[in-house]
Amino acid sequence: MPALRCPWLAGTAKSPLEVCPLYYWNWLRHIVRLPETTNFPTAPDPAVAEMSDPAAIEMAARPSDPFPRRSIALRHLDAGSCNGCESELSLLSSPDYDFTRYGFSFTPSPKHADILVITGVITEAMVPIIHNVFEQMAAPKRVLALGTCAIDGGVFAGAPGVVGSLSGIVPVTVAVAGCPPSPGDILRGLLTIADHRDPLASRKAVSR
Amino acid sequence: MSTIVTAPPTQAVRTYPTAASWLEAWSALREHGWETVLLDADEEVNAVLMPPSDDPQRENLVTLRLITQGPHRERRDPPSARDILETLDAEARIAGERADLGWAVSEPPPVRGKGIFVYPLGPVRADVAESMLYRLVVMGDEIVQLNLRHHFKQRHIRQLVLGSTVLEAMPVIARFTTTSNVHHTLALAAAAEAAWGVAPHPDADATRVLLAELERAVSHLGDLAALAVSTGLTVPQMEYLHLKEDLLRVNASLFGHRYLRGVVCLGGVNWTALPSHADPLQATETVAEILKVASGIAAQLERTPSFLDRLHGAGTVPKSAIHQIRPVGPVGRASGRTFDVRQRLGYAGYPADLQVPVLPQADAYARFRVRVAELNQSLAIVLSRLAAWDPTRLRQKTPAETAFAEPPRSPEGLGVVEAPRGLLAYRLVVDASNGRIRHLGVATPSARNWPVVPAAVANGNILQDFPIIDASFALSVAGWDG
Ligand code: SF4
């Protein structure tokens, strides 16, 4: 079997961790480690601010119904993305951005969702599905248009079968520009929905 | 890292007038270990073949072309589509676009009977996931059939770029699949470079390898995180995600974009877009740390029975599917197929003696181990390339992109690369007078590999195995575009 000669398969690296028999024991190591989580966007973090676009957030008029301020569940819907926005969105649950500290979480059901996060170019085939998912959500509910594609179709505007915009489909509360928007900007967008204020807007020092 | 191959792959075209003769040549070469990928079916039928490394063949890329338009056009030539094409997707494409060939598409027979239920999953599903409909046909807990519907999010990229220049097409192609955008742009650039007769400078090639391996490492880290959490292990998921974020920040610091978009350009790399404050030394330190920690996570997972028990034997790809579809990338290499374009073509200066990890078991565990090995290998290549990388040397080494606005030397070119998910090929046909795109053939690894998923899932697995099997394949839906 020539395959087994490949040095990369042969042995896993020798590290002190290897003496631990089970993965769960790892928590011991984590107790003494400092948190990796950024304080962006509610407190300064130059490393993350560097990757952020100050002009990314655009919000519609404030909806008249009151919105919950804590424990907000997100339903993600891909309407024709290139998977870049998904890659950044899924990093919100990583230790680096940890959106649960602001009360956000993903939910697999639209019926439990408060915010619908839409990525991608909005293809014709997805329009009835977007309607359906939005209707399934209980009020109060909000929509976050994530990424250039969801805002105006980006480079795909005009492609066969591409609608290219959410206008007339569901009301967009906040749009986050970027291709893809950095996780820090996605967090800003979510907080903007919750508070109807861009956390960076009143805090110039944080932005750069 | 010994022999450096810098010559671009050599190309040849063989033409066949009838489907029968094309098919005969195609099957004979395929039986002799040639790797093949079907690129077009709409006007002509084009398959690109790569001879095995020990073949004395002079060319690296041989296109088999079936031209049935004009006087040779056949009316009746009905070979069975199932025998001839490497993917069911390609089969459907040929049958749909070339009704004149009479290749009928056979849908899998519906399963009926007492106790059979259809469990539809999607197109909106899971926490953060691409839109796709899985129709799981179950009997009790056992999955007896899986049908996939992927048309929801098609952006018709091949059609969109028709009539634009290659320069205009680059930003669109860079958004085909962002997690492998370096490879998509690399393949299109290689195709354009073949058509215009431009060879990138070795310094640009070295940077392209660096970009390609950074992208592979990011992609594999994300896939391993998803696999870990599919078995309920959130701690390794979080650790992998943290490493992925660290590597994305390295990307941003060295190349100005977290996903490295816009760095590969026609003829070389876009050095004008590189940030001035890039610090390769700092990046080397971070990557070395990532390599160390990632090996540690994998070593610990190898010692976690609750993880291993779920992977061993789950989603085994049946032998028949391996033989018929010949999956590519990590999925193929975890099914005993020793094939990696980097090794086979040695493009962009990859060493011809690159050792690729291959395992025969074809189950989720083999796919996990192959990905872990490839991640370590990619990070090691990144480290060795970073040590010799000097961004200031790139200046002036890339010809002006305006060179590609002039008429091309040849109206068509091929670009074949090993993307994170496997073999990715572009066939570019341009107008000889103005260089605008007349036709674009794209074969992505996801389009190639998705058809093995139903076969692997409906292979003695239960519903509870499904998320793990799905995560172990780690295919993208965006890449399965028409
Ligand atoms: S905005 Fe950019 S990253 Fe997001 S889906 Fe569109 S092309 Fe991909």
# chains A, B, ... in the order shown; residues from 1 in each chain; ligands from 1
$ residues_around --residues "Ala348 of chain B" --least-positions-apart "2" --cutoff "7 Å" --atoms "only C-alpha atoms" --output "list in words"
Thr6, Asp205, Val209, Gly346 and Tyr350 of chain B
$ residues_around --residues "Ala225 of chain B" --least-positions-apart "5" --cutoff "12 Å" --atoms "only C-alpha atoms" --output "number ranges by chain"
A: 87, 90-91, 93-94; B: 218-220, 230-245, 294, 297-298, 301, 368, 371-372, 468, 471-472, 474
$ write_last_selection --atoms "N, CA, C and O atoms" --output "CSV table (one decimal), in the first residue's frame"
chain,number,residue,atom,x,y,z
A,87,SER,N,-19.4,31.2,6.0
A,87,SER,CA,-18.1,31.0,6.7
A,87,SER,C,-17.9,32.0,7.8
A,87,SER,O,-17.6,31.7,9.0
A,90,SER,N,-20.7,31.7,10.7
A,90,SER,CA,-20.6,30.6,11.6
A,90,SER,C,-19.4,30.9,12.6
A,90,SER,O,-19.3,30.2,13.6
A,91,LEU,N,-18.5,31.8,12.3
A,91,LEU,CA,-17.5,32.2,13.2
A,91,LEU,C,-18.0,33.0,14.4
A,91,LEU,O,-17.3,33.2,15.4
A,93,SER,N,-20.0,32.0,16.5
A,93,SER,CA,-20.1,31.1,17.6
A,93,SER,C,-18.7,30.7,18.1
A,93,SER,O,-18.6,29.9,19.0
A,94,SER,N,-17.7,31.1,17.4
A,94,SER,CA,-16.3,30.7,17.8
A,94,SER,C,-15.9,31.5,19.0
A,94,SER,O,-16.5,32.4,19.4
B,218,VAL,N,-7.3,26.8,5.7
B,218,VAL,CA,-8.5,27.4,6.3
B,218,VAL,C,-9.7,26.5,6.1
B,218,VAL,O,-10.5,26.3,7.0
B,219,SER,N,-9.8,26.0,4.8
B,219,SER,CA,-11.0,25.2,4.5
B,219,SER,C,-11.0,23.9,5.3
B,219,SER,O,-12.1,23.5,5.9
B,220,HIS,N,-9.9,23.2,5.5
B,220,HIS,CA,-9.9,22.0,6.3
B,220,HIS,C,-10.1,22.3,7.7
B,220,HIS,O,-10.8,21.5,8.4
B,230,SER,N,-20.5,17.7,14.8
B,230,SER,CA,-21.5,16.7,14.3
B,230,SER,C,-21.6,15.5,15.2
B,230,SER,O,-22.6,14.8,15.3
B,231,THR,N,-20.5,15.2,16.0
B,231,THR,CA,-20.5,14.1,16.9
B,231,THR,C,-20.8,14.7,18.3
B,231,THR,O,-20.6,14.0,19.3
B,232,GLY,N,-21.1,16.0,18.4
B,232,GLY,CA,-21.5,16.6,19.7
B,232,GLY,C,-20.3,17.1,20.5
B,232,GLY,O,-20.5,17.5,21.7
B,233,LEU,N,-19.1,17.1,19.9
B,233,LEU,CA,-17.9,17.5,20.7
B,233,LEU,C,-17.7,19.0,20.4
B,233,LEU,O,-17.1,19.4,19.4
B,234,THR,N,-18.2,19.9,21.3
B,234,THR,CA,-18.1,21.3,21.0
B,234,THR,C,-16.7,21.9,21.4
B,234,THR,O,-16.3,22.9,20.8
B,235,VAL,N,-16.0,21.2,22.3
B,235,VAL,CA,-14.7,21.8,22.7
B,235,VAL,C,-13.7,21.7,21.5
B,235,VAL,O,-13.2,22.8,21.1
B,236,PRO,N,-13.5,20.6,20.8
B,236,PRO,CA,-12.6,20.6,19.6
B,236,PRO,C,-13.2,21.5,18.5
B,236,PRO,O,-12.5,22.1,17.8
B,237,GLN,N,-14.5,21.6,18.4
B,237,GLN,CA,-15.1,22.5,17.4
B,237,GLN,C,-14.6,23.9,17.6
B,237,GLN,O,-14.2,24.6,16.7
B,238,MET,N,-14.7,24.3,18.9
B,238,MET,CA,-14.3,25.7,19.3
B,238,MET,C,-12.8,25.9,19.0
B,238,MET,O,-12.4,27.0,18.6
B,239,GLU,N,-12.0,24.9,19.3
B,239,GLU,CA,-10.6,25.0,19.2
B,239,GLU,C,-10.3,25.1,17.7
B,239,GLU,O,-9.4,26.0,17.3
B,240,TYR,N,-10.9,24.3,16.8
B,240,TYR,CA,-10.7,24.4,15.4
B,240,TYR,C,-11.1,25.8,14.9
B,240,TYR,O,-10.5,26.4,14.0
B,241,LEU,N,-12.3,26.2,15.3
B,241,LEU,CA,-12.8,27.5,14.8
B,241,LEU,C,-11.8,28.6,15.2
B,241,LEU,O,-11.6,29.6,14.5
B,242,HIS,N,-11.3,28.5,16.4
B,242,HIS,CA,-10.3,29.6,16.9
B,242,HIS,C,-9.1,29.6,16.0
B,242,HIS,O,-8.6,30.6,15.6
B,243,LEU,N,-8.6,28.4,15.6
B,243,LEU,CA,-7.5,28.3,14.7
B,243,LEU,C,-7.8,28.9,13.4
B,243,LEU,O,-7.0,29.5,12.7
B,244,LYS,N,-9.0,28.6,12.9
B,244,LYS,CA,-9.4,29.1,11.6
B,244,LYS,C,-9.4,30.6,11.6
B,244,LYS,O,-8.9,31.2,10.7
B,245,GLU,N,-10.0,31.2,12.7
B,245,GLU,CA,-10.0,32.6,12.8
B,245,GLU,C,-8.6,33.2,12.8
B,245,GLU,O,-8.3,34.2,12.2
B,294,ALA,N,-3.2,22.3,16.2
B,294,ALA,CA,-4.1,21.5,15.4
B,294,ALA,C,-3.6,20.0,15.5
B,294,ALA,O,-4.5,19.1,15.6
B,297,ILE,N,-5.0,18.7,18.7
B,297,ILE,CA,-6.5,18.5,18.7
B,297,ILE,C,-6.7,17.1,18.1
B,297,ILE,O,-7.5,16.3,18.6
B,298,ALA,N,-6.1,16.9,16.9
B,298,ALA,CA,-6.3,15.7,16.2
B,298,ALA,C,-5.9,14.5,17.0
B,298,ALA,O,-6.6,13.5,17.1
B,301,LEU,N,-8.5,13.8,19.6
B,301,LEU,CA,-9.7,13.2,19.0
B,301,LEU,C,-9.5,11.7,18.7
B,301,LEU,O,-10.4,10.9,18.9
B,368,PHE,N,-11.7,11.8,7.8
B,368,PHE,CA,-11.2,12.7,8.9
B,368,PHE,C,-9.7,12.6,8.9
B,368,PHE,O,-9.0,13.6,9.0
B,371,ARG,N,-8.0,14.4,6.0
B,371,ARG,CA,-8.1,15.9,6.2
B,371,ARG,C,-7.1,16.3,7.2
B,371,ARG,O,-6.4,17.4,7.0
B,372,VAL,N,-7.0,15.6,8.3
B,372,VAL,CA,-6.0,16.0,9.3
B,372,VAL,C,-4.6,16.0,8.7
B,372,VAL,O,-3.8,16.9,8.9
B,468,ILE,N,-23.2,13.3,10.6
B,468,ILE,CA,-21.8,13.0,10.7
B,468,ILE,C,-21.3,12.7,9.3
B,468,ILE,O,-20.2,13.2,8.9
B,471,ALA,N,-21.1,15.9,7.3
B,471,ALA,CA,-20.0,16.7,7.7
B,471,ALA,C,-18.7,16.1,7.2
B,471,ALA,O,-17.7,16.8,6.9
B,472,SER,N,-18.6,14.8,7.1
B,472,SER,CA,-17.3,14.2,6.8
B,472,SER,C,-17.1,14.4,5.3
B,472,SER,O,-15.9,14.4,4.9
B,474,ALA,N,-18.1,17.2,3.7
B,474,ALA,CA,-17.8,18.7,3.6
B,474,ALA,C,-17.8,19.2,2.2
B,474,ALA,O,-16.8,19.9,1.8
$ residues_near_ligand --ligand "ligand 1" --cutoff "8 Å" --atoms "only C-alpha atoms and all ligand atoms" --output "ChimeraX atom specification"
/A:80-86,119-121,146-150,153-155,177-181 /B:175-178
$ write_last_selection --atoms "C-alpha atoms" --output "PDB file, in the first residue's frame"
ATOM      1  CA  GLY A  80     -27.807  31.861  -3.266  1.00  0.00           C
ATOM      2  CA  SER A  81     -24.519  32.620  -1.531  1.00  0.00           C
ATOM      3  CA  CYS A  82     -20.977  31.649  -2.425  1.00  0.00           C
ATOM      4  CA  ASN A  83     -20.540  30.253   1.134  1.00  0.00           C
ATOM      5  CA  GLY A  84     -18.229  33.113   2.154  1.00  0.00           C
ATOM      6  CA  CYS A  85     -20.928  34.831   4.198  1.00  0.00           C
ATOM      7  CA  GLU A  86     -21.746  31.467   5.833  1.00  0.00           C
ATOM      8  CA  THR A 119     -27.249  35.657   2.672  1.00  0.00           C
ATOM      9  CA  GLY A 120     -26.762  35.330  -1.068  1.00  0.00           C
ATOM     10  CA  VAL A 121     -28.099  36.781  -4.293  1.00  0.00           C
ATOM     11  CA  LEU A 146     -26.023  39.985   5.109  1.00  0.00           C
ATOM     12  CA  GLY A 147     -23.425  40.793   2.473  1.00  0.00           C
ATOM     13  CA  THR A 148     -23.332  42.689  -0.794  1.00  0.00           C
ATOM     14  CA  CYS A 149     -25.181  39.870  -2.593  1.00  0.00           C
ATOM     15  CA  ALA A 150     -28.235  40.067  -0.339  1.00  0.00           C
ATOM     16  CA  GLY A 153     -26.916  41.112  -5.981  1.00  0.00           C
ATOM     17  CA  GLY A 154     -23.300  42.292  -6.158  1.00  0.00           C
ATOM     18  CA  VAL A 155     -21.479  40.911  -9.189  1.00  0.00           C
ATOM     19  CA  ALA A 177     -22.303  45.440   3.585  1.00  0.00           C
ATOM     20  CA  GLY A 178     -19.130  43.541   2.821  1.00  0.00           C
ATOM     21  CA  CYS A 179     -18.059  40.624   0.704  1.00  0.00           C
ATOM     22  CA  PRO A 180     -18.073  38.866   3.047  1.00  0.00           C
ATOM     23  CA  PRO A 181     -18.698  41.218   6.013  1.00  0.00           C
TER      24      PRO A 181
ATOM     25  CA  ARG B 175     -17.214  34.526  -5.872  1.00  0.00           C
ATOM     26  CA  PHE B 176     -18.012  31.044  -7.223  1.00  0.00           C
ATOM     27  CA  THR B 177     -17.111  29.485  -3.881  1.00  0.00           C
ATOM     28  CA  THR B 178     -15.370  31.885  -1.534  1.00  0.00           C
TER      29      THR B 178
END
$ closest_residue --among "B:Val37, B:Leu136, B:Val166, B:Ala387" --to "Ala283 of chain B" --atoms "only C-alpha atoms"
B:Ala387
$ atom_distance --atom1 "atom CA of Tyr119 of chain B" --atom2 "atom CA of Arg135 of chain B"
5.8 Å
$ closest_residue --among "B:Thr316, B:Asn461, B:Thr207, B:Thr179" --to "chain A" --atoms "only C-alpha atoms"
B:Thr179
